[in-house]
Amino acid sequence: MYATPPGYGAFMHPLGSVFLQTFCTLLKEDGNRNLELTRLMTRLSHRVAYSFQAKGGNFAGKKEMPCLVTRLTREVFPFAEPGKDSGAAGLSATSLLDTQHVSTRTPSIS
């Protein structure tokens with residue numbers, strides 16, 4: 001997943017990347033961690049495209065549109081929480097983490 005297609009520029013908020021801030025916010029919202037990867041990335045693209053717009057200067061009114069490139073042949077649930085009804089079979093990425101060493105962040109964009 002790219003913040004924009006190759007050759008285009010991404011917006012940078014004074015407090016961080018619009019793309020990454022939105023991604024972190026989506027993962028914190030109820031139910032999104034248990035989504036299949038391409039569905040989660042589609043929600044991310046929608047939120048970035050329709051929630052942010054450049055203001056002032058030469059870029060006034062311009063939007064950022066993330067770009068998903070995939071060669072997946074199966075559903076992937078990288079953020080699924082163990083024991084939740086996500087449709088994910090087997091291991092998820094989060095089941096391999098030691099929860100004592102995971103730090104939390106608060107989004108800087110509202």
# chains A, B, ... in the order shown; residues from 1 in each chain; ligands from 1

$ residues_around --residues "Lys63 of chain A" --least-positions-apart "3" --cutoff "7 Å" --atoms "only C-alpha atoms" --output "list in words"
Ala49, Phe52, Gln53 and Ala54 of chain A

$ residues_around --residues "Thr22 of chain A" --least-positions-apart "2" --cutoff "12 Å" --atoms "only C-alpha atoms" --output "number ranges by chain"
A: 3, 13, 16-20, 24-29, 40-41, 43-52, 66, 106-110

$ atom_distance --atom1 "atom CA of Pro5 of chain A" --atom2 "atom CA of Met65 of chain A"
7.6 Å

$ select_by_dssp --residues "segment 1-46 of chain A" --states "alpha helix (DSSP H)" --output "list of chain:residue names"
A:Val18, A:Phe19, A:Leu20, A:Gln21, A:Thr22, A:Phe23, A:Cys24, A:Thr25, A:Leu26, A:Leu27, A:Lys28, A:Leu37, A:Thr38, A:Arg39, A:Leu40, A:Met41, A:Thr42, A:Arg43, A:Leu44, A:Ser45, A:His46

$ atom_distance --atom1 "atom CA of Glu75 of chain A" --atom2 "atom CA of Leu37 of chain A"
7.2 Å
